[in-house]
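Structure file run11.tsv (TSV, C-alpha atoms and all ligand atoms) follows.
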```tsv
chain	number	residue	atom	x	y	z
A	427	MET	CA	-40.76	20.46	44.81
A	428	ASN	CA	-39.61	19.51	48.29
A	429	THR	CA	-40.36	16.18	49.93
A	430	ALA	CA	-43.32	17.46	51.97
A	431	ASP	CA	-44.99	18.90	48.86
A	432	ARG	CA	-44.42	15.70	46.92
A	433	VAL	CA	-45.89	13.61	49.75
A	434	ASP	CA	-48.90	15.94	49.93
A	435	LEU	CA	-49.46	15.75	46.19
A	436	VAL	CA	-49.28	11.96	46.08
A	437	SER	CA	-51.52	11.67	49.17
A	438	SER	CA	-54.19	14.08	47.92
A	439	HIS	CA	-57.56	12.52	47.05
A	440	THR	CA	-56.56	9.21	48.58
A	441	GLN	CA	-58.17	7.11	51.24
A	442	GLU	CA	-55.00	5.88	52.86
A	443	VAL	CA	-51.23	5.86	52.48
A	444	VAL	CA	-49.25	3.02	54.10
A	445	THR	CA	-47.18	4.77	55.31
A	446	GLU	CA	-46.57	8.47	54.76
A	447	GLU	CA	-43.22	8.18	56.56
A	448	GLU	CA	-42.08	5.51	54.12
A	449	LEU	CA	-43.31	7.60	51.21
A	450	ALA	CA	-41.26	10.56	52.44
A	451	GLU	CA	-38.21	8.29	52.74
A	452	LEU	CA	-38.64	7.20	49.11
A	453	PHE	CA	-38.65	10.81	47.95
A	454	GLU	CA	-35.61	11.58	50.08
A	455	ALA	CA	-33.79	8.67	48.46
A	456	GLY	CA	-34.49	9.77	44.86
A	457	GLU	CA	-37.01	9.05	42.11
A	458	PRO	CA	-39.49	6.42	43.26
A	459	THR	CA	-41.42	4.16	40.92
A	460	ALA	CA	-45.13	3.37	41.18
A	461	TYR	CA	-47.48	1.02	39.43
A	462	ILE	CA	-51.20	0.47	39.17
A	463	GLY	CA	-52.69	-2.68	37.73
A	464	TYR	CA	-55.98	-3.13	35.94
A	465	ALA	CA	-57.49	-6.47	35.11
A	466	PRO	CA	-59.14	-5.91	31.71
A	467	THR	CA	-62.62	-7.22	32.48
A	468	GLY	CA	-65.75	-5.08	32.10
A	469	GLU	CA	-66.13	-1.74	30.38
A	470	MET	CA	-64.28	1.18	31.93
A	471	HIS	CA	-66.28	4.00	33.52
A	472	ILE	CA	-65.67	7.24	35.39
A	473	GLY	CA	-64.76	5.33	38.53
A	474	HIS	CA	-61.67	4.11	36.67
A	475	PHE	CA	-61.08	7.58	35.34
A	476	THR	CA	-61.09	9.03	38.84
A	477	THR	CA	-58.45	6.55	40.01
A	478	MET	CA	-56.42	7.16	36.86
A	479	ARG	CA	-56.62	10.92	37.09
A	480	LYS	CA	-54.28	10.70	40.07
A	481	LEU	CA	-51.51	9.34	37.87
A	482	ALA	CA	-51.07	12.95	36.76
A	483	ASP	CA	-50.27	13.81	40.39
A	484	PHE	CA	-47.74	10.98	40.61
A	485	LEU	CA	-46.01	12.20	37.48
A	486	ARG	CA	-45.99	15.79	38.69
A	487	ALA	CA	-44.45	14.64	41.97
A	488	GLY	CA	-41.61	13.08	40.00
A	489	VAL	CA	-42.70	9.45	40.34
A	490	GLU	CA	-42.05	7.04	37.47
A	491	VAL	CA	-45.36	5.41	36.61
A	492	THR	CA	-46.13	2.00	35.13
A	493	VAL	CA	-49.62	0.86	34.20
A	494	LEU	CA	-50.02	-2.90	34.24
A	495	ILE	CA	-52.73	-4.36	32.07
A	496	ALA	CA	-53.18	-7.50	34.12
A	497	ASP	CA	-54.51	-9.75	31.38
A	498	LEU	CA	-53.92	-13.07	33.13
A	499	HIS	CA	-55.56	-11.74	36.29
A	500	ALA	CA	-58.70	-10.91	34.30
A	501	HIS	CA	-58.98	-14.58	33.39
A	502	LEU	CA	-57.90	-15.97	36.76
A	503	ASP	CA	-60.68	-14.08	38.51
A	504	ASP	CA	-63.49	-16.51	37.81
A	505	ASN	CA	-63.02	-16.22	34.05
A	506	LYS	CA	-64.33	-12.64	34.03
A	507	SER	CA	-62.58	-12.31	30.69
A	508	PRO	CA	-62.53	-15.42	28.49
A	509	PHE	CA	-59.06	-16.38	27.40
A	510	ASP	CA	-59.64	-15.61	23.71
A	511	LEU	CA	-60.74	-12.05	24.48
A	512	LEU	CA	-57.77	-11.09	26.65
A	513	ASP	CA	-55.82	-9.45	23.82
A	514	ALA	CA	-58.74	-7.37	22.58
A	515	ARG	CA	-59.71	-6.26	26.06
A	516	SER	CA	-56.13	-5.35	26.87
A	517	ALA	CA	-55.93	-3.23	23.72
A	518	TYR	CA	-59.16	-1.47	24.63
A	519	TYR	CA	-58.03	-0.81	28.23
A	520	GLU	CA	-54.69	0.50	27.01
A	521	ALA	CA	-56.30	2.96	24.57
A	522	ALA	CA	-58.89	4.13	27.09
A	523	ILE	CA	-56.26	4.59	29.80
A	524	GLU	CA	-54.01	6.55	27.46
A	525	ALA	CA	-56.91	8.84	26.61
A	526	MET	CA	-57.72	9.30	30.29
A	527	ILE	CA	-54.15	10.19	31.21
A	528	ASP	CA	-54.13	12.68	28.38
A	529	ALA	CA	-57.48	14.14	29.49
A	530	ALA	CA	-56.09	14.46	33.02
A	531	GLY	CA	-53.43	16.83	31.69
A	532	ALA	CA	-50.48	14.42	31.67
A	533	ASP	CA	-48.55	12.92	28.76
A	534	PRO	CA	-49.32	9.22	28.20
A	535	ASP	CA	-45.82	8.84	26.74
A	536	ASP	CA	-44.49	9.45	30.25
A	537	VAL	CA	-46.20	6.28	31.42
A	538	THR	CA	-44.91	2.77	30.74
A	539	PHE	CA	-47.54	0.23	29.73
A	540	VAL	CA	-46.94	-3.46	30.42
A	541	ARG	CA	-49.10	-6.53	30.05
A	542	GLY	CA	-49.05	-9.29	32.63
A	543	THR	CA	-48.23	-11.99	30.09
A	544	ASP	CA	-45.12	-9.96	29.09
A	545	PHE	CA	-43.34	-11.10	32.25
A	546	GLN	CA	-45.56	-13.35	34.37
A	547	LEU	CA	-44.54	-16.43	32.42
A	548	ASP	CA	-40.83	-15.89	32.97
A	549	GLU	CA	-39.10	-18.77	34.68
A	550	GLU	CA	-37.94	-16.76	37.67
A	551	TYR	CA	-41.40	-15.31	38.27
A	552	THR	CA	-43.08	-18.69	37.92
A	553	LEU	CA	-40.66	-20.43	40.23
A	554	GLU	CA	-41.11	-17.76	42.89
A	555	MET	CA	-44.87	-18.11	42.54
A	556	TYR	CA	-44.68	-21.82	43.30
A	557	ARG	CA	-42.51	-21.08	46.33
A	558	MET	CA	-45.06	-18.57	47.53
A	559	ALA	CA	-47.91	-21.01	46.91
A	560	ALA	CA	-46.14	-23.57	49.08
A	561	GLU	CA	-45.81	-21.05	51.90
A	562	THR	CA	-49.25	-19.43	51.87
A	563	THR	CA	-52.36	-21.00	53.35
A	564	ILE	CA	-55.56	-21.10	51.36
A	565	ALA	CA	-57.27	-19.11	54.11
A	566	ARG	CA	-54.65	-16.35	53.99
A	567	SER	CA	-54.83	-16.05	50.23
A	568	GLN	CA	-58.62	-16.04	50.23
A	569	ARG	CA	-58.75	-13.37	52.91
A	570	ALA	CA	-56.27	-11.19	51.02
A	571	ALA	CA	-58.33	-11.29	47.83
A	572	SER	CA	-61.78	-11.28	49.39
A	573	GLU	CA	-62.68	-7.80	48.17
A	574	VAL	CA	-61.20	-8.29	44.72
A	575	VAL	CA	-61.97	-11.70	43.27
A	576	ARG	CA	-65.51	-12.84	42.76
A	577	GLU	CA	-66.92	-14.79	45.68
A	578	SER	CA	-68.58	-18.13	45.11
A	579	GLU	CA	-69.65	-21.26	46.97
A	580	SER	CA	-66.97	-23.25	45.28
A	581	PRO	CA	-64.11	-20.89	44.38
A	582	ASN	CA	-61.65	-21.61	41.61
A	583	LEU	CA	-57.97	-22.10	42.23
A	584	GLY	CA	-57.34	-19.06	40.03
A	585	GLY	CA	-58.63	-16.69	42.67
A	586	LEU	CA	-56.12	-18.07	45.17
A	587	VAL	CA	-53.16	-17.70	42.84
A	588	TYR	CA	-54.33	-14.17	41.97
A	589	PRO	CA	-53.05	-12.36	45.10
A	590	LEU	CA	-49.74	-14.20	44.96
A	591	MET	CA	-49.17	-13.02	41.40
A	592	GLN	CA	-50.23	-9.49	42.25
A	593	THR	CA	-47.63	-9.59	45.00
A	594	LEU	CA	-44.94	-10.82	42.62
A	595	ASP	CA	-45.89	-8.09	40.14
A	596	VAL	CA	-44.69	-5.47	42.63
A	597	LYS	CA	-41.25	-7.02	42.57
A	598	ALA	CA	-41.17	-7.83	38.86
A	599	LEU	CA	-42.10	-4.26	37.96
A	600	ASP	CA	-39.61	-2.89	40.46
A	601	ALA	CA	-42.31	-0.73	42.01
A	602	ASP	CA	-41.60	1.16	45.22
A	603	ILE	CA	-45.24	2.21	45.40
A	604	ALA	CA	-48.34	0.11	44.75
A	605	TYR	CA	-51.33	2.27	43.88
A	606	GLY	CA	-54.92	1.06	43.60
A	607	GLY	CA	-58.40	1.26	45.05
A	608	VAL	CA	-58.72	0.53	48.75
A	609	ASP	CA	-60.33	-2.80	47.79
A	610	GLN	CA	-56.76	-3.90	46.95
A	611	ARG	CA	-55.69	-3.36	50.56
A	612	GLY	CA	-55.89	-7.01	51.62
A	613	ILE	CA	-53.66	-8.13	48.75
A	614	TYR	CA	-51.03	-5.46	49.26
A	615	MET	CA	-50.90	-6.08	53.00
A	616	LEU	CA	-50.02	-9.65	52.10
A	617	SER	CA	-47.39	-8.26	49.72
A	618	ARG	CA	-45.90	-6.08	52.43
A	619	GLU	CA	-45.64	-9.08	54.70
A	620	VAL	CA	-44.21	-11.71	52.38
A	621	LEU	CA	-42.23	-9.89	49.67
A	622	PRO	CA	-39.10	-9.45	51.79
A	623	ASP	CA	-38.91	-13.28	52.01
A	624	HIS	CA	-39.10	-13.44	48.22
A	625	GLY	CA	-36.30	-11.14	47.26
A	626	GLY	CA	-38.40	-7.95	47.11
A	627	ASP	CA	-39.18	-4.96	49.30
A	628	SER	CA	-42.44	-4.13	51.05
A	629	PRO	CA	-44.20	-1.60	48.83
A	630	VAL	CA	-45.49	1.71	50.06
A	631	CYS	CA	-49.23	1.56	49.37
A	632	VAL	CA	-51.43	4.36	48.14
A	633	PHE	CA	-55.14	3.60	48.17
A	634	ALA	CA	-57.82	5.49	46.29
A	635	PRO	CA	-61.27	5.77	47.86
A	636	LEU	CA	-64.04	3.63	46.36
A	637	LEU	CA	-66.60	6.12	45.20
A	638	SER	CA	-70.33	5.85	45.55
A	639	GLY	CA	-72.45	4.89	42.59
A	640	LEU	CA	-75.02	7.33	41.34
A	641	SER	CA	-77.86	5.33	42.85
A	642	GLY	CA	-76.42	5.69	46.36
A	643	GLY	CA	-74.26	2.88	47.76
A	644	LYS	CA	-71.34	1.41	45.83
A	645	MET	CA	-71.07	1.39	42.09
A	646	SER	CA	-72.39	-1.84	40.71
A	647	ALA	CA	-71.40	-3.59	37.52
A	648	SER	CA	-74.94	-4.74	36.89
A	649	ASP	CA	-76.66	-1.40	37.52
A	650	ALA	CA	-76.04	0.72	34.42
A	651	ALA	CA	-77.59	3.84	35.92
A	652	SER	CA	-75.13	3.70	38.84
A	653	LYS	CA	-72.20	4.92	36.76
A	654	VAL	CA	-71.28	7.13	33.87
A	655	ASN	CA	-69.62	5.22	31.04
A	656	LEU	CA	-66.81	6.79	29.07
A	657	THR	CA	-68.81	6.56	25.86
A	658	ASP	CA	-71.94	8.20	27.29
A	659	SER	CA	-73.20	11.16	25.27
A	660	PRO	CA	-73.69	14.51	27.04
A	661	GLU	CA	-77.43	13.76	27.04
A	662	ALA	CA	-76.89	10.37	28.65
A	663	VAL	CA	-74.62	11.92	31.28
A	664	GLU	CA	-77.21	14.58	31.99
A	665	GLU	CA	-79.90	11.98	32.40
A	666	LYS	CA	-77.85	9.78	34.74
A	667	ILE	CA	-76.73	12.71	36.90
A	668	GLY	CA	-80.26	14.11	36.81
A	669	GLN	CA	-81.59	10.91	38.34
A	670	ALA	CA	-78.70	10.36	40.70
A	671	TYR	CA	-79.02	10.05	44.44
A	672	CYS	CA	-78.18	13.53	45.73
A	673	PRO	CA	-80.45	14.55	48.63
A	674	ALA	CA	-80.32	18.21	49.63
A	675	GLY	CA	-77.65	18.91	52.22
A	676	GLU	CA	-76.34	15.31	52.34
A	677	VAL	CA	-72.74	14.52	51.56
A	678	GLU	CA	-72.72	10.85	52.57
A	679	ASP	CA	-72.98	8.34	49.64
A	680	ASN	CA	-73.47	11.28	47.30
A	681	GLY	CA	-71.78	10.22	44.06
A	682	VAL	CA	-72.52	13.56	42.39
A	683	LEU	CA	-70.42	15.42	44.96
A	684	GLU	CA	-67.74	12.73	45.00
A	685	TYR	CA	-67.13	12.97	41.25
A	686	LEU	CA	-67.06	16.72	41.49
A	687	ASN	CA	-64.45	16.49	44.21
A	688	HIS	CA	-62.21	13.69	42.93
A	689	LEU	CA	-62.50	14.04	39.16
A	690	VAL	CA	-63.85	17.40	38.02
A	691	PHE	CA	-62.02	19.83	40.28
A	692	PRO	CA	-58.60	18.20	39.92
A	693	VAL	CA	-58.91	18.43	36.12
A	694	LEU	CA	-60.38	21.95	36.05
A	695	ASP	CA	-57.98	24.82	35.79
A	696	VAL	CA	-60.00	26.92	38.26
A	697	ASP	CA	-58.09	30.13	37.63
A	698	ASP	CA	-59.14	30.04	33.99
A	699	GLU	CA	-62.47	28.34	34.31
A	700	PRO	CA	-64.02	28.19	37.78
A	701	PHE	CA	-66.93	25.83	38.36
A	702	VAL	CA	-70.13	27.75	37.62
A	703	VAL	CA	-73.62	26.78	38.71
A	704	GLU	CA	-76.17	28.64	36.65
A	705	ARG	CA	-79.21	29.85	38.52
A	706	PRO	CA	-82.07	32.12	37.52
A	707	GLU	CA	-81.83	35.65	38.93
A	708	GLU	CA	-84.89	35.12	41.08
A	709	TYR	CA	-83.11	32.30	42.93
A	710	GLY	CA	-80.02	34.35	43.54
A	711	GLY	CA	-78.21	34.16	40.18
A	712	ASP	CA	-75.11	32.18	39.15
A	713	LEU	CA	-72.70	30.76	41.71
A	714	THR	CA	-68.99	30.58	40.98
A	715	TYR	CA	-66.62	28.23	42.81
A	716	GLN	CA	-62.85	27.99	42.98
A	717	SER	CA	-62.72	24.86	45.10
A	718	TYR	CA	-64.73	21.78	45.93
A	719	ASP	CA	-64.87	22.73	49.61
A	720	GLU	CA	-66.83	25.89	48.79
A	721	VAL	CA	-69.35	23.84	46.83
A	722	GLU	CA	-69.75	21.38	49.66
A	723	ALA	CA	-70.20	24.14	52.23
A	724	ASP	CA	-72.98	25.74	50.17
A	725	PHE	CA	-74.60	22.38	49.55
A	726	VAL	CA	-74.62	21.51	53.25
A	727	SER	CA	-75.95	24.93	54.27
A	728	GLY	CA	-78.78	24.69	51.74
A	729	GLU	CA	-77.58	27.67	49.70
A	730	LEU	CA	-76.96	25.31	46.77
A	731	HIS	CA	-79.87	23.08	45.75
A	732	PRO	CA	-79.44	19.65	44.05
A	733	ALA	CA	-81.60	20.74	41.12
A	734	ASP	CA	-79.14	23.57	40.36
A	735	LEU	CA	-76.03	21.55	41.12
A	736	LYS	CA	-76.83	18.51	38.96
A	737	PRO	CA	-76.87	20.10	35.48
A	738	ALA	CA	-73.61	21.90	36.26
A	739	VAL	CA	-71.93	18.67	37.37
A	740	ALA	CA	-73.30	16.83	34.33
A	741	ASP	CA	-71.81	19.46	32.01
A	742	ALA	CA	-68.50	19.35	33.79
A	743	ILE	CA	-68.29	15.55	33.70
A	744	SER	CA	-69.19	15.53	30.00
A	745	ALA	CA	-66.40	18.00	29.33
A	746	VAL	CA	-63.89	15.89	31.26
A	747	ILE	CA	-64.75	12.63	29.49
A	748	ASP	CA	-65.16	14.22	26.07
A	749	PRO	CA	-61.64	13.41	24.76
A	750	VAL	CA	-61.94	9.81	25.96
A	751	ARG	CA	-65.34	9.42	24.35
A	752	THR	CA	-63.98	10.86	21.13
A	753	ARG	CA	-61.07	8.45	21.08
A	754	LEU	CA	-63.33	5.44	21.66
A	755	ASN	CA	-65.80	6.62	19.04
A	756	ASP	CA	-62.99	7.16	16.54
A	757	GLU	CA	-61.87	3.58	16.95
A	758	PRO	CA	-65.10	1.58	17.28
A	759	GLU	CA	-63.25	-1.68	16.67
A	760	LEU	CA	-61.67	-1.39	20.14
A	761	LEU	CA	-64.99	-1.93	21.90
A	762	ALA	CA	-66.40	-4.20	19.18
A	763	GLU	CA	-63.52	-6.65	19.54
A	764	ALA	CA	-63.32	-6.43	23.33
A	765	TYR	CA	-67.06	-6.97	23.87
A	766	PRO	CA	-68.36	-8.72	20.73
A	767	ASP	CA	-71.67	-9.61	22.34
A	768	GLU	CA	-72.50	-5.99	23.19
A	769	TYR	CA	-70.77	-4.09	20.37
A	770	GLY	CA	-69.76	-6.62	17.76
A	771	GLY	CA	-73.11	-6.75	15.96
A	772	ALA	CA	-72.97	-4.26	13.11
Q	801	LIG	N1	-56.50	-6.54	41.38
Q	801	LIG	C1	-56.62	-5.52	40.39
Q	801	LIG	C2	-55.83	-5.81	39.15
Q	801	LIG	C3	-54.38	-6.02	39.39
Q	801	LIG	C4	-53.77	-7.20	38.98
Q	801	LIG	C5	-52.41	-7.39	39.16
Q	801	LIG	C6	-51.67	-6.41	39.77
Q	801	LIG	O1	-50.35	-6.60	39.97
Q	801	LIG	C7	-52.28	-5.23	40.20
Q	801	LIG	C8	-53.63	-5.06	40.00
Q	801	LIG	C9	-58.12	-5.33	40.05
Q	801	LIG	O2	-58.93	-5.52	40.86
Q	801	LIG	O3	-58.48	-4.99	38.96
```

Could the structure of this file be written out as structure tokens, please?
Amino acid sequence: MNTADRVDLVSSHTQEVVTEEELAELFEAGEPTAYIGYAPTGEMHIGHFTTMRKLADFLRAGVEVTVLIADLHAHLDDNKSPFDLLDARSAYYEAAIEAMIDAAGADPDDVTFVRGTDFQLDEEYTLEMYRMAAETTIARSQRAASEVVRESESPNLGGLVYPLMQTLDVKALDADIAYGGVDQRGIYMLSREVLPDHGGDSPVCVFAPLLSGLSGGKMSASDAASKVNLTDSPEAVEEKIGQAYCPAGEVEDNGVLEYLNHLVFPVLDVDDEPFVVERPEEYGGDLTYQSYDEVEADFVSGELHPADLKPAVADAISAVIDPVRTRLNDEPELLAEAYPDEYGGA
């Protein structure tokens, strides 16, 4: 693959790359490294899967990929994960992420997994963090993390240390590329600015779009119907997609179309199995699609109706998450130990 193709592949399905020129330079110089970090807090859902699916593109483009399970960050962010559950949640995230990478058609063995506590307590890292804390204003740190850490009237110190540590992770993991949702933008812009003064390089940043929830608007942790969980049965998926916000002809805030675009099509091998929307003969018969753009065009023109689209998308999503669901069902202790209040009962 030449540099232009590799840049295109890494940039596909993203919201923003800062900057494409720098990304091209990395490929010209050799084999770049990338990392994505996850703070093991709440249960993973298809939003995570969509972001993770892209790791297959990174690998195919010849990028070395590290997944950071940011255990300390999960606690620092307003105690979203209690300290005594960090290990169990990290184990659950690791297993789910492995299954997702596998389901996306890549080999999880090609990805390096690291936990934050593996290196964030090293003397050099800690010392550099104190230096950074001495040089960064509270306002700057708060602004950087404003879309990531939980907001409150009286914020904890942890949320201020959080972006500094995320910045130092880039250097500690030797990552040329920082990949994450576009909500991470504020933090990585801070990283780009300050890392050169702390013995590192400014990372190239690749940002994934934040997808809409199924109820319209952003996905919400408290609104169960707004997202498909990885353990949802095909019936549950069908029900959630069936009730999802998906007005005829409208693409904006339409989670059903977004998942089709960013998760289903990239995983489908369209030559072997195109995306098929079944329709009774009297309404024109089945529709067969090779690309997301064709689906969108038909949806916008009115040729494809939400009532026909939804069951097809539900089936496709179920098929994509099936291996992940199986893995989590095979090892029920992963969820039971990570979320004892919800799953620990029996
Ligand atoms: N901030 C990320 C987690 C993360 C933590 C540390 C990092 O170095 C990278 C990412 C999140 O919102 O989940």

(request) Return the single residue from A:Ile743, A:Val693, A:Ala450, A:Cys631 that is closest to ligand LIG 801 (chain Q), with distances computed using all atoms listed in the file. (result)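 Distance minimum relative to ligand LIG 801 (chain Q) lands on A:Cys631.
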
Closest-contact table, chain A side, partner ligand LIG 801 (chain Q), 7 Å, counting all atoms listed in the file, as a tab-separated table:
```
residue	atom	partner	partner_atom	distance
A:Ile462	CA	Q:LIG801	C7	5.9
A:Gly463	CA	Q:LIG801	C8	3.4
A:Tyr464	CA	Q:LIG801	C2	4.2
A:Ala465	CA	Q:LIG801	O3	4.2
A:Leu494	CA	Q:LIG801	C6	6.8
A:Ala496	CA	Q:LIG801	C4	4.9
A:His499	CA	Q:LIG801	C4	5.6
A:Val574	CA	Q:LIG801	O2	5.3
A:Met591	CA	Q:LIG801	O1	6.7
A:Gln592	CA	Q:LIG801	O1	3.7
A:Thr593	CA	Q:LIG801	O1	6.5
A:Asp595	CA	Q:LIG801	O1	4.7
A:Val596	CA	Q:LIG801	O1	6.4
A:Gln610	CA	Q:LIG801	N1	6.2
```

(request) Can you pull out every residue within 8 Å of Gly542 of chain A, counting all atoms listed in the file, but drop anything in the same chain fewer than 2 positions away, and send it as a list in words? (result)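 Answer for this query is Leu494, Ile495, Ala496, Asp497, Leu498, His499, Val540, Asp544, Phe545 and Gln546 of chain A.
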
(request) Enter the distance from atom CA of Arg566 of chain A to atom CA of Ala500 of chain A, in Å, rounded to one decimal. (result) 20.8 Å

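Taking atom CA of Ala532 of chain A as the reference point, atom CA of Glu684 of chain A is found at 21.9 Å.
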
(request) Determine the nearest neighbour of Leu599 of chain A from the options A:Leu761, A:Met427, A:Leu449, A:Val493, counting all atoms listed in the file. (result) A:Val493

(request) Report the distance between atom CA of Ser652 of chain A and atom CA of His474 of chain A in Å, rounded to one decimal place. (result)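 Separation of atom CA of Ser652 of chain A and atom CA of His474 of chain A: 13.6 Å.
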
(request) Tell me, as a ChimeraX atom specification, which residues lie within 12 Å of Tyr765 of chain A, counting only C-alpha atoms; anything in the same chain fewer than 5 positions away does not count. (result) /A:466-470,506-508,510-519,758-760,770-771

For the selection you just gave me, I'd like the residues written to a file as an mmCIF file, in the coordinates of the input, keeping C-alpha atoms.
```
data_model
loop_
_atom_site.group_PDB
_atom_site.id
_atom_site.type_symbol
_atom_site.label_atom_id
_atom_site.label_comp_id
_atom_site.auth_asym_id
_atom_site.auth_seq_id
_atom_site.Cartn_x
_atom_site.Cartn_y
_atom_site.Cartn_z
ATOM 1 C CA PRO A 466 -59.140 -5.910 31.710
ATOM 2 C CA THR A 467 -62.620 -7.220 32.480
ATOM 3 C CA GLY A 468 -65.750 -5.080 32.100
ATOM 4 C CA GLU A 469 -66.130 -1.740 30.380
ATOM 5 C CA MET A 470 -64.280 1.180 31.930
ATOM 6 C CA LYS A 506 -64.330 -12.640 34.030
ATOM 7 C CA SER A 507 -62.580 -12.310 30.690
ATOM 8 C CA PRO A 508 -62.530 -15.420 28.490
ATOM 9 C CA ASP A 510 -59.640 -15.610 23.710
ATOM 10 C CA LEU A 511 -60.740 -12.050 24.480
ATOM 11 C CA LEU A 512 -57.770 -11.090 26.650
ATOM 12 C CA ASP A 513 -55.820 -9.450 23.820
ATOM 13 C CA ALA A 514 -58.740 -7.370 22.580
ATOM 14 C CA ARG A 515 -59.710 -6.260 26.060
ATOM 15 C CA SER A 516 -56.130 -5.350 26.870
ATOM 16 C CA ALA A 517 -55.930 -3.230 23.720
ATOM 17 C CA TYR A 518 -59.160 -1.470 24.630
ATOM 18 C CA TYR A 519 -58.030 -0.810 28.230
ATOM 19 C CA PRO A 758 -65.100 1.580 17.280
ATOM 20 C CA GLU A 759 -63.250 -1.680 16.670
ATOM 21 C CA LEU A 760 -61.670 -1.390 20.140
ATOM 22 C CA GLY A 770 -69.760 -6.620 17.760
ATOM 23 C CA GLY A 771 -73.110 -6.750 15.960
#
```

(message) Which residue is closest to Ala560 of chain A? Choose from A:Val575, A:Ala601, A:Val587, A:Val703 and count only C-alpha atoms.
(response) A:Val587

(message) Show me, as a VMD selection string, the residues that have an atom within 7 Å of Val702 of chain A when counting only C-alpha atoms, minus same-chain residues fewer than 3 positions from it.
(response) chain A and resid 712 to 715 738

Mind dumping the selected residues with C-alpha atoms as an mmCIF file, in the coordinates of the input?
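Saved result, result-v2.cif, follows:
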```
data_model
loop_
_atom_site.group_PDB
_atom_site.id
_atom_site.type_symbol
_atom_site.label_atom_id
_atom_site.label_comp_id
_atom_site.auth_asym_id
_atom_site.auth_seq_id
_atom_site.Cartn_x
_atom_site.Cartn_y
_atom_site.Cartn_z
ATOM 1 C CA ASP A 712 -75.110 32.180 39.150
ATOM 2 C CA LEU A 713 -72.700 30.760 41.710
ATOM 3 C CA THR A 714 -68.990 30.580 40.980
ATOM 4 C CA TYR A 715 -66.620 28.230 42.810
ATOM 5 C CA ALA A 738 -73.610 21.900 36.260
#
```

Taking a cut-off of 10 Å and counting all atoms listed in the file, can you build a table that, for each residue of segment 641-750 of chain A near segment 476-489 of chain A, reports the nearest atom pair and how far apart they are in Å (one decimal), sorted by chain then residue number, as a Markdown table?
```
| residue | atom | partner | partner_atom | distance |
| --- | --- | --- | --- | --- |
| A:Glu684 | CA | A:Thr476 | CA | 9.8 |
| A:Tyr685 | CA | A:Thr476 | CA | 7.6 |
| A:Asn687 | CA | A:Thr476 | CA | 9.8 |
| A:His688 | CA | A:Thr476 | CA | 6.3 |
| A:Leu689 | CA | A:Thr476 | CA | 5.2 |
| A:Val690 | CA | A:Thr476 | CA | 8.9 |
| A:Pro692 | CA | A:Arg479 | CA | 8.1 |
| A:Val693 | CA | A:Arg479 | CA | 7.9 |
```

(request) Would you list the contacts of Met526 of chain A as a PyMOL selection string, taking every protein, DNA or RNA residue within 8 Å and counting all atoms listed in the file, but skipping same-chain residues closer than 3 positions in sequence? (result) chain A and resi 475+478-479+522-523+529-530+747+749-750

(request) Compute the distance from (-71.3, 7.8, 32.4) to each atom, counting all atoms listed in the file, keep the residues with any atom at most 7 Å away, and return them as a PyMOL selection string; use the coordinates of the file. (result) chain A and resi 471-472+653-656+658+663

(message) Show me, as a list in words, the residues that have an atom within 12 Å of Gln669 of chain A when counting only C-alpha atoms, minus same-chain residues fewer than 5 positions from it.
(response)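 Counting only C-alpha atoms, the residues come to Gly639, Leu640, Ser641, Gly642, Ala651, Ser652, Lys653, Val654, Ala662, Val663, Glu664, Gly681, Val682, Pro732, Ala733, Lys736, Pro737 and Ala740 of chain A.
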
Please dump the current selection as a short mmCIF file (atom, residue, chain, number, x, y, z; two decimals), in the coordinates of the input; keep C-alpha atoms.
```cif
data_model
loop_
_atom_site.label_atom_id
_atom_site.label_comp_id
_atom_site.auth_asym_id
_atom_site.auth_seq_id
_atom_site.Cartn_x
_atom_site.Cartn_y
_atom_site.Cartn_z
CA GLY A 639 -72.45 4.89 42.59
CA LEU A 640 -75.02 7.33 41.34
CA SER A 641 -77.86 5.33 42.85
CA GLY A 642 -76.42 5.69 46.36
CA ALA A 651 -77.59 3.84 35.92
CA SER A 652 -75.13 3.70 38.84
CA LYS A 653 -72.20 4.92 36.76
CA VAL A 654 -71.28 7.13 33.87
CA ALA A 662 -76.89 10.37 28.65
CA VAL A 663 -74.62 11.92 31.28
CA GLU A 664 -77.21 14.58 31.99
CA GLY A 681 -71.78 10.22 44.06
CA VAL A 682 -72.52 13.56 42.39
CA PRO A 732 -79.44 19.65 44.05
CA ALA A 733 -81.60 20.74 41.12
CA LYS A 736 -76.83 18.51 38.96
CA PRO A 737 -76.87 20.10 35.48
CA ALA A 740 -73.30 16.83 34.33
#
```
